[in-house]
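Structure file entry.tsv; described as TSV, C-alpha atoms and all ligand atoms.
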```tsv
chain	number	residue	atom	x	y	z
A	71	MET	CA	1.32	-17.58	21.77
A	72	LYS	CA	2.38	-17.31	18.15
A	73	THR	CA	4.00	-14.27	16.63
A	74	SER	CA	4.25	-12.55	13.26
A	75	VAL	CA	6.66	-10.58	11.11
A	76	ILE	CA	5.96	-7.64	8.80
A	77	LEU	CA	7.94	-7.51	5.57
A	78	HIS	CA	8.97	-4.54	3.46
A	79	GLY	CA	9.92	-4.65	-0.22
A	80	LEU	CA	11.20	-1.79	-2.37
A	81	HIS	CA	8.82	1.09	-1.43
A	82	ASN	CA	6.27	-1.64	-0.78
A	83	GLU	CA	6.72	-3.38	-4.11
A	84	PHE	CA	7.61	-7.08	-4.18
A	85	SER	CA	8.87	-8.87	-7.27
A	86	ILE	CA	7.21	-12.13	-8.27
A	87	GLU	CA	10.35	-14.07	-7.24
A	88	GLN	CA	10.37	-12.34	-3.85
A	89	MET	CA	6.70	-13.18	-3.35
A	90	LYS	CA	7.28	-16.82	-4.28
A	91	SER	CA	10.01	-16.99	-1.63
A	92	CYS	CA	7.77	-15.30	0.94
A	93	ILE	CA	4.95	-17.73	0.17
A	94	ALA	CA	7.35	-20.63	0.69
A	95	LEU	CA	8.41	-19.14	4.04
A	96	ALA	CA	4.79	-18.61	5.08
A	97	GLU	CA	4.05	-22.26	4.22
A	98	LYS	CA	7.10	-23.40	6.17
A	99	TYR	CA	6.78	-21.21	9.26
A	100	GLY	CA	3.48	-19.31	9.24
A	101	GLU	CA	-0.25	-19.50	8.62
A	102	SER	CA	-1.43	-16.59	6.47
A	103	PHE	CA	-0.65	-13.19	4.98
A	104	ARG	CA	-2.18	-9.90	6.06
A	105	HIS	CA	-1.78	-6.58	4.29
A	106	VAL	CA	-0.92	-3.91	6.88
A	107	VAL	CA	0.08	-0.29	6.49
A	108	THR	CA	3.82	-0.91	6.80
A	109	GLY	CA	3.98	-3.96	4.51
A	110	ILE	CA	2.96	-7.62	4.27
A	111	GLN	CA	2.61	-9.55	7.51
A	112	ILE	CA	3.16	-13.29	7.87
A	113	THR	CA	1.10	-14.48	10.83
A	114	GLY	CA	1.02	-17.63	12.94
A	115	ILE	CA	4.78	-18.07	13.41
A	116	GLU	CA	6.13	-19.97	16.41
A	117	LYS	CA	8.29	-17.60	18.42
A	118	GLU	CA	11.36	-19.79	18.09
A	119	ASP	CA	10.95	-19.83	14.29
A	120	LYS	CA	10.83	-16.06	13.77
A	121	GLU	CA	14.59	-15.52	13.49
A	122	LEU	CA	14.89	-18.56	11.20
A	123	LEU	CA	12.29	-17.07	8.88
A	124	ILE	CA	14.01	-13.67	8.90
A	125	ALA	CA	17.36	-15.32	8.09
A	126	GLU	CA	15.79	-16.96	5.01
A	127	LEU	CA	14.17	-13.82	3.54
A	128	PRO	CA	14.98	-13.20	-0.12
A	129	ASP	CA	17.31	-10.34	-1.11
A	130	GLY	CA	15.54	-6.98	-0.98
A	131	VAL	CA	12.92	-8.03	1.56
A	132	VAL	CA	13.48	-6.89	5.15
A	133	PRO	CA	11.56	-7.07	8.42
A	134	VAL	CA	9.90	-3.79	9.41
A	135	ILE	CA	11.33	-2.04	12.46
A	136	HIS	CA	9.02	-0.48	15.04
A	137	ARG	CA	10.66	2.90	15.58
A	138	GLY	CA	12.29	4.53	12.60
A	139	VAL	CA	11.63	5.09	8.93
A	140	ASN	CA	9.42	2.04	8.84
A	141	SER	CA	6.92	2.70	6.09
A	142	LEU	CA	7.62	3.87	2.56
A	143	ILE	CA	4.81	3.47	0.09
A	144	ALA	CA	4.76	4.77	-3.44
A	145	CYS	CA	2.02	4.28	-5.99
A	146	VAL	CA	2.91	3.34	-9.58
A	147	GLY	CA	2.81	6.99	-10.66
A	148	LYS	CA	3.01	8.75	-14.03
A	149	GLY	CA	3.60	6.44	-16.95
A	150	HIS	CA	1.94	3.50	-15.17
A	151	CYS	CA	-1.39	5.08	-14.19
A	152	LYS	CA	-3.57	7.24	-16.42
A	153	ASN	CA	-4.06	9.78	-13.61
A	154	GLY	CA	-0.39	10.16	-12.73
A	155	GLN	CA	1.01	13.70	-12.74
A	156	MET	CA	4.51	12.86	-11.44
A	157	ASP	CA	6.88	9.90	-11.69
A	158	THR	CA	7.10	8.31	-8.25
A	159	SER	CA	9.80	5.65	-8.62
A	160	GLU	CA	12.90	7.89	-8.85
A	161	LEU	CA	12.07	9.77	-5.66
A	162	ALA	CA	10.89	6.65	-3.81
A	163	ASP	CA	14.01	4.69	-4.88
A	164	TYR	CA	16.19	7.51	-3.57
A	165	ILE	CA	14.41	7.61	-0.20
A	166	GLU	CA	14.53	3.81	0.03
A	167	GLN	CA	18.30	3.71	-0.56
A	168	HIS	CA	19.19	6.62	1.69
A	169	HIS	CA	16.70	6.50	4.53
A	170	TYR	CA	14.52	3.38	4.80
A	171	GLY	CA	15.16	1.62	8.12
A	172	ARG	CA	16.95	4.52	9.80
A	173	LYS	CA	16.35	4.80	13.53
A	174	THR	CA	14.29	7.81	14.63
A	175	SER	CA	12.55	8.76	17.86
A	176	HIS	CA	9.23	7.29	16.72
A	177	LYS	CA	7.65	5.97	13.56
A	178	CYS	CA	8.34	7.84	10.36
A	179	LYS	CA	5.98	6.97	7.55
A	180	ILE	CA	6.46	8.28	4.03
A	181	GLY	CA	4.06	8.31	1.10
A	182	VAL	CA	4.76	9.19	-2.52
A	183	SER	CA	1.64	9.71	-4.64
A	184	GLY	CA	1.59	10.32	-8.36
A	185	CYS	CA	-1.49	12.52	-8.12
A	186	GLY	CA	-4.00	13.99	-5.70
A	187	ARG	CA	-6.12	10.85	-5.65
A	188	ASN	CA	-3.55	9.73	-3.11
A	189	CYS	CA	-3.85	5.96	-3.34
A	190	PRO	CA	-0.98	5.53	-0.78
A	191	ASP	CA	-2.90	7.72	1.75
A	192	SER	CA	0.05	10.08	1.74
A	193	MET	CA	-1.65	12.99	3.54
A	194	VAL	CA	-1.72	10.97	6.78
A	195	LYS	CA	1.99	10.10	6.59
A	196	ASP	CA	4.77	11.91	8.43
A	197	ILE	CA	6.15	12.96	5.05
A	198	ALA	CA	3.99	13.14	1.93
A	199	PHE	CA	4.95	13.90	-1.65
A	200	ILE	CA	1.90	14.31	-3.86
A	201	GLY	CA	2.17	14.81	-7.60
A	202	THR	CA	0.46	17.76	-9.27
A	203	SER	CA	0.73	19.14	-12.80
A	204	GLN	CA	3.37	21.59	-11.47
A	205	GLY	CA	5.50	19.16	-9.46
A	206	PHE	CA	5.35	17.59	-6.01
A	207	MET	CA	3.45	19.11	-3.14
A	208	LEU	CA	5.13	18.35	0.21
A	209	ALA	CA	3.13	17.86	3.41
A	210	VAL	CA	4.61	17.01	6.81
A	211	GLY	CA	3.23	15.75	10.10
A	212	GLY	CA	0.23	13.68	9.09
A	213	ASN	CA	-0.72	10.68	11.20
A	214	THR	CA	-3.51	8.21	11.89
A	215	GLY	CA	-2.91	7.89	15.63
A	216	MET	CA	-5.18	8.82	18.53
A	217	ARG	CA	-5.62	12.28	17.03
A	218	PRO	CA	-5.57	11.69	13.29
A	219	GLU	CA	-4.69	14.66	11.15
A	220	ALA	CA	-3.51	15.52	7.68
A	221	GLY	CA	-0.01	16.85	7.16
A	222	THR	CA	0.81	20.56	6.91
A	223	ILE	CA	1.73	21.70	3.42
A	224	LEU	CA	5.30	23.08	3.52
A	225	ALA	CA	6.12	23.36	-0.18
A	226	ARG	CA	4.58	23.12	-3.64
A	227	ASN	CA	5.78	22.62	-7.18
A	228	LEU	CA	8.96	20.75	-6.25
A	229	THR	CA	11.02	18.97	-8.88
A	230	ILE	CA	12.15	15.41	-8.16
A	231	ASN	CA	15.63	16.66	-7.19
A	232	GLN	CA	14.20	19.31	-4.90
A	233	SER	CA	12.00	16.61	-3.33
A	234	LYS	CA	15.04	14.40	-2.70
A	235	LYS	CA	16.80	17.30	-0.95
A	236	ALA	CA	13.70	18.07	1.11
A	237	ALA	CA	13.48	14.41	2.18
A	238	ASP	CA	17.15	14.43	3.23
A	239	ILE	CA	16.70	17.59	5.30
A	240	LEU	CA	13.48	16.45	6.96
A	241	ILE	CA	14.64	12.95	7.90
A	242	ASN	CA	18.05	14.13	9.14
A	243	TRP	CA	16.32	16.87	11.17
A	244	TYR	CA	13.93	14.35	12.70
A	245	ALA	CA	16.71	11.84	13.48
A	246	GLU	CA	18.77	14.56	15.19
A	247	ASN	CA	16.05	16.45	17.05
A	248	GLY	CA	13.15	14.12	17.80
A	249	GLU	CA	12.56	13.45	21.48
A	250	PRO	CA	11.58	9.94	22.63
A	251	ARG	CA	8.21	8.97	21.10
A	252	GLU	CA	7.82	12.35	19.38
A	253	ARG	CA	6.30	12.12	15.90
A	254	MET	CA	7.36	14.49	13.17
A	255	GLY	CA	4.17	16.56	13.41
A	256	LYS	CA	4.88	17.32	17.07
A	257	LEU	CA	8.49	18.18	16.26
A	258	LEU	CA	7.25	20.56	13.58
A	259	LEU	CA	5.07	22.32	16.16
A	260	ARG	CA	7.93	22.47	18.68
A	261	LEU	CA	10.77	23.63	16.43
A	262	GLY	CA	9.08	25.09	13.37
A	263	ASN	CA	9.62	24.41	9.69
A	264	PRO	CA	13.18	23.17	8.99
A	265	LEU	CA	12.82	24.07	5.30
A	266	GLU	CA	12.14	27.73	5.99
A	267	ASP	CA	14.85	29.95	4.48
A	268	ILE	CA	16.36	26.97	2.64
A	269	GLU	CA	16.55	27.10	-1.13
A	270	LEU	CA	15.75	23.60	-2.34
B	1	LIG	S1	-2.27	8.25	-6.56
B	1	LIG	FE1	-2.86	8.90	-8.62
B	1	LIG	S2	-1.13	8.28	-9.92
B	1	LIG	FE2	-1.00	7.12	-8.02
B	1	LIG	S3	-2.07	5.18	-8.44
B	1	LIG	FE3	-3.52	6.58	-7.45
B	1	LIG	S4	-4.59	7.54	-9.16
B	1	LIG	FE4	-2.70	6.66	-9.99
```

Entire entry expressed as structure tokens:
Amino acid sequence: MKTSVILHGLHNEFSIEQMKSCIALAEKYGESFRHVVTGIQITGIEKEDKELLIAELPDGVVPVIHRGVNSLIACVGKGHCKNGQMDTSELADYIEQHHYGRKTSHKCKIGVSGCGRNCPDSMVKDIAFIGTSQGFMLAVGGNTGMRPEAGTILARNLTINQSKKAADILINWYAENGEPRERMGKLLLRLGNPLEDIEL
């Protein structure tokens, strides 16, 4: 049976050069591309070729891990979309550099939306930053699993720097306290809000 690999680029953005390299790898080792929630999947790979393909990935493109901070999606945000209320790239870049790929007890998906239209489906991510005219709204614990639910709103009107600090606290807290296969929403129910009493 053939296998596949899911690829992540900078908060789900791939440069043209990266895509050209990925297309060449798909032609060499695979059959087709699929868009999936965590990134771009190359399908139809012979099992023995998977590690060869991964070794040839272009700089900045990595295979998606199963358990950990494995999905980070930002929309284009303010300045690139007429609806954008907040810039998304500074916050998403920061989370990418500091947290993407970290091991956690289960999946940790993060969405950064420039406005409430929520093109990255942020409200069903473990951590959601959603731009408003007053700053970012932060919601935690969303998921699309067997019992899909939207995240719980923990903070509003955050600046970009406050959002970076909140992301650090939440991801560190999850990495340190999550029990095997426990998603962030369940941890929130078990331990309560880690941002309570913290001045961001
Ligand atoms: S979420 Fe808002 S800002 Fe982002 S792409 Fe969609 S409409 Fe534009």

As a list in words, please: the residues near Cys178 (chain A) (cut-off 9 Å, all atoms listed in the file, same-chain neighbours under 5 positions excluded).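 So, after excluding close chain neighbours, the residues are Arg137, Gly138, Val139, Asn140, Ser141, Leu142, Lys195, Asp196, Ile197, Ile241, Tyr244, Arg253 and Met254 of chain A.
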
Which residues are near ligand LIG 1 (chain B) - at most 6 Å, using all atoms listed in the file? Format: as a PyMOL selection string. chain A and resi 145-148+151+153-154+183-189

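The space separating CA of Val210 (chain A) from CA of Thr222 (chain A) comes to 5.2 Å.
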
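Distances to Thr174 (chain A) were evaluated for A:Ala245, A:Ala144, A:Ile76, A:Leu123 using all atoms listed in the file, and the minimum falls at A:Ala245.
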
Just how far from CA of Ile143 (chain A) is CA of Phe84 (chain A), in Å to one decimal?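 Taking CA of Phe84 (chain A) as the start and CA of Ile143 (chain A) as the end point, the length is 11.7 Å.
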
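For the choices A:His78, A:Lys90, A:His176, A:Lys72, the atom-to-atom distance to Lys256 (chain A) is smallest for A:His176 when using all atoms listed in the file.
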
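Between His81 (chain A) and the residues A:Gly262, A:Pro250, A:Gly100, A:Gly171, the shortest atom-to-atom distance, using all atoms listed in the file, involves A:Gly171.
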
Pick from A:Ile239, A:Ser203, A:Ser175, A:Ser85 nearest to Arg226 (chain A), counting only C-alpha atoms: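 Looking at the shortest contact to Arg226 (chain A), the residue is A:Ser203.
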
Could you rebuild region 144-180 of chain A with N, CA and C atoms and give it back as a tab-separated table (two decimals), in the coordinates of the input?
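And here is the file that came out, part_0.tsv:
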```tsv
chain	number	residue	atom	x	y	z
A	144	ALA	N	4.94	3.95	-2.25
A	144	ALA	CA	4.76	4.77	-3.44
A	144	ALA	C	3.74	4.08	-4.33
A	145	CYS	N	2.91	4.87	-4.98
A	145	CYS	CA	2.02	4.28	-5.99
A	145	CYS	C	2.82	4.14	-7.30
A	146	VAL	N	2.18	3.60	-8.33
A	146	VAL	CA	2.91	3.34	-9.58
A	146	VAL	C	3.28	4.63	-10.31
A	147	GLY	N	2.47	5.68	-10.15
A	147	GLY	CA	2.81	6.99	-10.66
A	147	GLY	C	2.67	7.17	-12.17
A	148	LYS	N	3.12	8.35	-12.61
A	148	LYS	CA	3.01	8.75	-14.03
A	148	LYS	C	3.69	7.72	-14.94
A	149	GLY	N	3.04	7.43	-16.02
A	149	GLY	CA	3.60	6.44	-16.95
A	149	GLY	C	3.07	5.04	-16.70
A	150	HIS	N	2.49	4.82	-15.52
A	150	HIS	CA	1.94	3.50	-15.17
A	150	HIS	C	0.47	3.62	-14.75
A	151	CYS	N	0.00	4.84	-14.59
A	151	CYS	CA	-1.39	5.08	-14.19
A	151	CYS	C	-1.89	6.27	-15.00
A	152	LYS	N	-3.08	6.17	-15.53
A	152	LYS	CA	-3.57	7.24	-16.42
A	152	LYS	C	-3.75	8.57	-15.68
A	153	ASN	N	-3.86	8.54	-14.37
A	153	ASN	CA	-4.06	9.78	-13.61
A	153	ASN	C	-2.74	10.41	-13.16
A	154	GLY	N	-1.65	9.70	-13.31
A	154	GLY	CA	-0.39	10.16	-12.73
A	154	GLY	C	0.08	11.51	-13.27
A	155	GLN	N	0.47	12.38	-12.37
A	155	GLN	CA	1.01	13.70	-12.74
A	155	GLN	C	2.53	13.72	-12.58
A	156	MET	N	3.06	12.90	-11.69
A	156	MET	CA	4.51	12.86	-11.44
A	156	MET	C	4.99	11.41	-11.37
A	157	ASP	N	6.22	11.19	-11.87
A	157	ASP	CA	6.88	9.90	-11.69
A	157	ASP	C	7.16	9.72	-10.20
A	158	THR	N	6.90	8.55	-9.68
A	158	THR	CA	7.10	8.31	-8.25
A	158	THR	C	8.35	7.48	-7.97
A	159	SER	N	8.79	6.66	-8.94
A	159	SER	CA	9.80	5.65	-8.62
A	159	SER	C	11.17	6.26	-8.34
A	160	GLU	N	11.56	7.33	-9.07
A	160	GLU	CA	12.90	7.89	-8.85
A	160	GLU	C	13.03	8.44	-7.43
A	161	LEU	N	12.03	9.20	-7.00
A	161	LEU	CA	12.07	9.77	-5.66
A	161	LEU	C	11.97	8.66	-4.60
A	162	ALA	N	11.06	7.71	-4.80
A	162	ALA	CA	10.89	6.65	-3.81
A	162	ALA	C	12.14	5.76	-3.73
A	163	ASP	N	12.76	5.47	-4.89
A	163	ASP	CA	14.01	4.69	-4.88
A	163	ASP	C	15.08	5.41	-4.06
A	164	TYR	N	15.18	6.72	-4.28
A	164	TYR	CA	16.19	7.51	-3.57
A	164	TYR	C	15.95	7.45	-2.05
A	165	ILE	N	14.71	7.64	-1.64
A	165	ILE	CA	14.41	7.61	-0.20
A	165	ILE	C	14.66	6.22	0.37
A	166	GLU	N	14.30	5.20	-0.41
A	166	GLU	CA	14.53	3.81	0.03
A	166	GLU	C	16.04	3.59	0.29
A	167	GLN	N	16.85	3.97	-0.67
A	167	GLN	CA	18.30	3.71	-0.56
A	167	GLN	C	18.95	4.51	0.55
A	168	HIS	N	18.50	5.73	0.75
A	168	HIS	CA	19.19	6.62	1.69
A	168	HIS	C	18.59	6.63	3.10
A	169	HIS	N	17.33	6.27	3.23
A	169	HIS	CA	16.70	6.50	4.53
A	169	HIS	C	15.87	5.35	5.09
A	170	TYR	N	15.41	4.42	4.25
A	170	TYR	CA	14.52	3.38	4.80
A	170	TYR	C	15.25	2.59	5.89
A	171	GLY	N	14.59	2.40	7.02
A	171	GLY	CA	15.16	1.62	8.12
A	171	GLY	C	15.99	2.42	9.11
A	172	ARG	N	16.18	3.71	8.84
A	172	ARG	CA	16.95	4.52	9.80
A	172	ARG	C	16.20	4.64	11.12
A	173	LYS	N	16.96	4.67	12.21
A	173	LYS	CA	16.35	4.80	13.53
A	173	LYS	C	15.95	6.26	13.76
A	174	THR	N	14.75	6.48	14.23
A	174	THR	CA	14.29	7.81	14.63
A	174	THR	C	13.52	7.67	15.94
A	175	SER	N	13.13	8.80	16.52
A	175	SER	CA	12.55	8.76	17.86
A	175	SER	C	11.21	8.03	17.90
A	176	HIS	N	10.51	8.01	16.81
A	176	HIS	CA	9.23	7.29	16.72
A	176	HIS	C	9.06	6.86	15.26
A	177	LYS	N	7.87	6.40	14.94
A	177	LYS	CA	7.65	5.97	13.56
A	177	LYS	C	7.81	7.13	12.60
A	178	CYS	N	8.29	6.84	11.42
A	178	CYS	CA	8.34	7.84	10.36
A	178	CYS	C	7.83	7.19	9.09
A	179	LYS	N	6.62	7.56	8.71
A	179	LYS	CA	5.98	6.97	7.55
A	179	LYS	C	6.02	7.96	6.38
A	180	ILE	N	6.28	7.43	5.21
A	180	ILE	CA	6.46	8.28	4.03
A	180	ILE	C	5.58	7.76	2.90
```
